[in-house]
Amino acid sequence: MRFVGPAVSRFCRVLLLISATLSTSGAIADATDQAKRLHDRIAGVPPDATTLDDMRILITGGQPLEAALLATQSPEFYSVTLKNFAAPWTNRDQSVFVPLDDYIATVIGMVRDDVDFRELLSGDILYIGSGGGVPAYSNSSNAHYDALEDAGTDLQANLTATTQSAVTGLPAEATAGILTTRSAAKAFFIAGTNRAMFRFTMLNHLCLDMEQVHDVTRVPDRIRQDVSRSPGGDSRVFLNNCIGCHAGMDSMSQAFAYYDYEYDEMNDPDAQNGSINYNGTGEVDPVTGTRVEEKYFNNNLNFEHGFVTPNDDWINYWREGPNKLLGWDTALPNSGTGAKSMGRELAHSQAFAQCQVRKVFENVCLRPPQDSSDRNQIDSMVSSLQTSGYNLRRTFAESAVYCMGS
């Protein structure tokens, strides 16, 4: 039998100590690197030393989600990540190169305050800022938000929740989240027939354009007069194409019948100083003789037997047929009055939840879902969003954790 001498024994203990130290150092370095990547994914900038250390400790302790949520406290998450996230929703070109406005600020504030994100399309909600030299919110100008952005205002600290009915003068029942912000009105209620507001709401918040919800099997009884029943003299075009979008869209965009964006076309051709208009109780459009805006009667001789819009009642024909797969909330009625209830109908769909999660995933991971693992993660985050009270800030954190190593 051979015995290990004291010197050899001490040598072995030193080797074990060095190995353990290297292993611990490697774990710390790995956790630090993960913390850096998490913060960069969420805020787009490196963390300060204190935040980095706090995040490293959380990751080492098996709490990467908490570390990611800590990263959402960075001011840049609000002024850069969320601003760029929401900016394309505010304009028809879907450009990110637009100034801060009431639409974007409201999205930022709702995420910061963990507001149920379904309120985005129905709430009496608005976020305004504060700061020296910042003018008050105006119904006819973006100067308030321009000043906030020009001053480099910390949006995390200086946005305050209020209500549209208190600031813009809209009746509470006529508010519908970002749909009734001045910015959305300027982009989607201006001129036209208000179908743009519906189309871009579907595109931005259910991730579906009209071609993707095309269904020629729906009843066409609410298609307006401006849609020809024989485009180019061929009724088959209407039956096989036009009905597919208009049967569903016209029946739901009726919810916007009392809204318009008004501006001085002669002196303000770019509509920079216009404002949202809503025909409240007792107000009458001089052309229609009702509260319905004149635009709903544009080109009414194209097919005079088409639907004549009498009010802002709406119905969702897509609850049946192929678009039933959008996952409508059966606890809600399939019809209602006004933009608020229609916005709630859209926001309570499964498609709305899936759309928000997918957009956050692509924003944080810098790529669309690619394989079964990604798709399973999307499904998991949709469930998490729904059970967390539609807390979108948590979805950003979950996406960052999943894509931390990629």
# chains A, B, ... in the order shown; residues from 1 in each chain; ligands from 1
$ residues_around --residues "Phe200 (chain A)" --least-positions-apart "6" --cutoff "12 Å" --atoms "only C-alpha atoms" --output "MDAnalysis selection string"
chainID A and resid 88:94 179 184:185 187:189 194 206:210 249 253
$ select_by_dssp --residues "region 223-274 of chain A" --states "strand (DSSP E or B)" --output "compact mmCIF listing (two decimals) with N, CA and C atoms, in the first residue's frame"
# COMPACT_ATOMS: atom_id res chain seq x y z
N ARG A 224 -70.92 50.09 -48.01
CA ARG A 224 -71.44 51.42 -48.32
C ARG A 224 -71.66 51.66 -49.82
N TYR A 259 -66.45 60.61 -36.29
CA TYR A 259 -65.12 61.21 -36.13
C TYR A 259 -64.60 61.78 -37.44
N ASP A 260 -63.77 62.81 -37.29
CA ASP A 260 -63.07 63.37 -38.44
C ASP A 260 -61.82 64.09 -37.91
N TYR A 261 -60.90 64.40 -38.81
CA TYR A 261 -59.76 65.26 -38.48
C TYR A 261 -59.94 66.52 -39.30
N GLU A 262 -60.12 67.65 -38.62
CA GLU A 262 -60.42 68.90 -39.29
C GLU A 262 -59.24 69.85 -39.27
$ closest_residue --among "A:Ser399, A:Asn158, A:Thr201, A:Ser275" --to "Gly177 (chain A)" --atoms "only C-alpha atoms"
A:Thr201
$ atom_distance --atom1 "CA of Asp53 (chain A)" --atom2 "CA of Leu65 (chain A)"
15.1 Å
$ residues_around --residues "Phe303 (chain A)" --least-positions-apart "4" --cutoff "8 Å" --atoms "only C-alpha atoms" --output "list in words"
Gln225, Asp226, Val227, Ser228 and Arg229 of chain A
$ closest_atom_pairs --of "region 123-208 of chain A" --to "region 324-346 of chain A" --cutoff "7 Å" --atoms "only C-alpha atoms" --output "tab-separated table"
residue	atom	partner	partner_atom	distance
A:Glu173	CA	A:Lys340	CA	6.9
A:Ala174	CA	A:Lys340	CA	6.5
A:Thr175	CA	A:Lys340	CA	6.1
A:Ala176	CA	A:Lys340	CA	4.5
$ atom_distance --atom1 "CA of His205 (chain A)" --atom2 "CA of Tyr103 (chain A)"
13.4 Å
$ residues_around --residues "Ala400 (chain A)" --least-positions-apart "2" --cutoff "8 Å" --atoms "only C-alpha atoms" --output "list in words"
Leu38, Arg41, Ile42, Ala68, Val364, Cys365, Phe396, Ala397, Glu398, Tyr402, Cys403 and Met404 of chain A
$ residues_around --residues "Ser380 (chain A)" --least-positions-apart "6" --cutoff "12 Å" --atoms "only C-alpha atoms" --output "list in words"
Ala353, Gln354, Val357, Arg358, Phe361, Ser373, Asp374, Gln386, Thr387, Thr395, Glu398, Ser399 and Tyr402 of chain A
$ write_last_selection --atoms "N, CA and C atoms" --output "short mmCIF file (atom, residue, chain, number, x, y, z; two decimals), in the first residue's frame"
data_model
loop_
_atom_site.label_atom_id
_atom_site.label_comp_id
_atom_site.auth_asym_id
_atom_site.auth_seq_id
_atom_site.Cartn_x
_atom_site.Cartn_y
_atom_site.Cartn_z
N ALA A 353 -53.40 39.55 -28.73
CA ALA A 353 -52.36 39.10 -27.80
C ALA A 353 -51.17 38.52 -28.57
N GLN A 354 -51.45 37.71 -29.57
CA GLN A 354 -50.38 37.10 -30.35
C GLN A 354 -49.57 38.16 -31.09
N VAL A 357 -47.13 40.05 -28.70
CA VAL A 357 -45.99 39.22 -28.32
C VAL A 357 -45.02 39.06 -29.48
N ARG A 358 -45.55 38.83 -30.65
CA ARG A 358 -44.67 38.65 -31.81
C ARG A 358 -43.87 39.92 -32.09
N PHE A 361 -41.15 40.23 -29.49
CA PHE A 361 -40.11 39.23 -29.78
C PHE A 361 -39.18 39.72 -30.89
N SER A 373 -38.90 25.90 -31.58
CA SER A 373 -38.54 26.43 -30.27
C SER A 373 -39.02 27.88 -30.13
N ASP A 374 -38.80 28.67 -31.17
CA ASP A 374 -39.27 30.07 -31.15
C ASP A 374 -40.79 30.13 -31.06
N GLN A 386 -51.48 37.03 -21.04
CA GLN A 386 -52.89 36.98 -20.66
C GLN A 386 -53.07 36.77 -19.16
N THR A 387 -52.20 35.97 -18.56
CA THR A 387 -52.34 35.71 -17.12
C THR A 387 -51.73 36.81 -16.26
N THR A 395 -43.42 41.09 -21.06
CA THR A 395 -43.16 40.40 -22.33
C THR A 395 -41.81 40.81 -22.90
N GLU A 398 -39.30 38.79 -20.86
CA GLU A 398 -39.30 37.37 -21.22
C GLU A 398 -38.61 37.15 -22.55
N SER A 399 -38.85 38.03 -23.51
CA SER A 399 -38.20 37.90 -24.82
C SER A 399 -36.69 38.06 -24.69
N TYR A 402 -35.12 34.91 -23.24
CA TYR A 402 -35.08 33.81 -24.21
C TYR A 402 -33.97 34.02 -25.24
#
$ residues_around --residues "Lys36 (chain A)" --least-positions-apart "6" --cutoff "10 Å" --atoms "only C-alpha atoms" --output "MDAnalysis selection string"
chainID A and resid 30 45:48 51:53 55:56 71 404
$ write_last_selection --atoms "C-alpha atoms" --output "PDB file, in the first residue's frame"
ATOM      1  CA  ASP A  30     -20.665  34.378 -17.748  1.00  0.00           C
ATOM      2  CA  VAL A  45     -27.190  50.819 -24.121  1.00  0.00           C
ATOM      3  CA  PRO A  46     -24.722  49.251 -21.640  1.00  0.00           C
ATOM      4  CA  PRO A  47     -25.791  49.229 -17.969  1.00  0.00           C
ATOM      5  CA  ASP A  48     -24.007  51.304 -15.357  1.00  0.00           C
ATOM      6  CA  THR A  51     -27.114  47.946 -12.414  1.00  0.00           C
ATOM      7  CA  LEU A  52     -24.725  45.467 -14.020  1.00  0.00           C
ATOM      8  CA  ASP A  53     -23.753  44.053 -10.647  1.00  0.00           C
ATOM      9  CA  MET A  55     -28.363  42.068 -12.650  1.00  0.00           C
ATOM     10  CA  ARG A  56     -25.396  39.688 -12.362  1.00  0.00           C
ATOM     11  CA  ALA A  71     -33.110  46.530 -17.172  1.00  0.00           C
ATOM     12  CA  MET A 404     -30.060  36.320 -24.273  1.00  0.00           C
TER      13      MET A 404
END
$ select_by_dssp --residues "region 162-354 of chain A" --states "alpha helix (DSSP H)" --output "count of residues only"
47
$ closest_residue --among "A:Asn363, A:Ala136, A:Gln34, A:Met266" --to "Thr168 (chain A)" --atoms "only C-alpha atoms"
A:Ala136
$ atom_distance --atom1 "CA of Asn84 (chain A)" --atom2 "CA of Lys186 (chain A)"
19.1 Å
$ decode --residues "region 214-228 of chain A" --atoms "N, CA and C atoms" --output "compact mmCIF listing (two decimals), in the first residue's frame"
# COMPACT_ATOMS: atom_id res chain seq x y z
N HIS A 214 -59.49 38.28 -45.69
CA HIS A 214 -60.39 38.25 -46.84
C HIS A 214 -61.37 37.08 -46.72
N ASP A 215 -62.67 37.38 -46.77
CA ASP A 215 -63.69 36.34 -46.63
C ASP A 215 -64.92 36.74 -47.42
N VAL A 216 -65.14 36.09 -48.56
CA VAL A 216 -66.25 36.44 -49.45
C VAL A 216 -67.55 35.78 -49.03
N THR A 217 -67.55 35.04 -47.93
CA THR A 217 -68.77 34.36 -47.50
C THR A 217 -69.61 35.19 -46.53
N ARG A 218 -69.13 36.36 -46.14
CA ARG A 218 -69.89 37.18 -45.19
C ARG A 218 -70.98 37.98 -45.90
N VAL A 219 -72.06 38.26 -45.19
CA VAL A 219 -73.17 39.01 -45.75
C VAL A 219 -72.72 40.44 -46.07
N PRO A 220 -73.05 40.96 -47.26
CA PRO A 220 -72.56 42.29 -47.68
C PRO A 220 -73.52 43.43 -47.39
N ASP A 221 -74.43 43.26 -46.43
CA ASP A 221 -75.50 44.24 -46.26
C ASP A 221 -75.04 45.58 -45.71
N ARG A 222 -73.80 45.68 -45.17
CA ARG A 222 -73.34 46.97 -44.66
C ARG A 222 -72.24 47.59 -45.51
N ILE A 223 -72.06 47.09 -46.71
CA ILE A 223 -71.09 47.70 -47.62
C ILE A 223 -71.67 49.00 -48.15
N ARG A 224 -70.92 50.09 -48.01
CA ARG A 224 -71.44 51.42 -48.32
C ARG A 224 -71.66 51.66 -49.82
N GLN A 225 -72.25 52.80 -50.09
CA GLN A 225 -72.63 53.14 -51.46
C GLN A 225 -71.44 53.42 -52.37
N ASP A 226 -70.29 53.76 -51.79
CA ASP A 226 -69.15 54.15 -52.64
C ASP A 226 -68.46 52.95 -53.28
N VAL A 227 -68.82 51.75 -52.89
CA VAL A 227 -68.19 50.55 -53.45
C VAL A 227 -69.04 50.05 -54.62
N SER A 228 -68.46 50.10 -55.81
CA SER A 228 -69.19 49.65 -57.00
C SER A 228 -69.46 48.15 -56.92
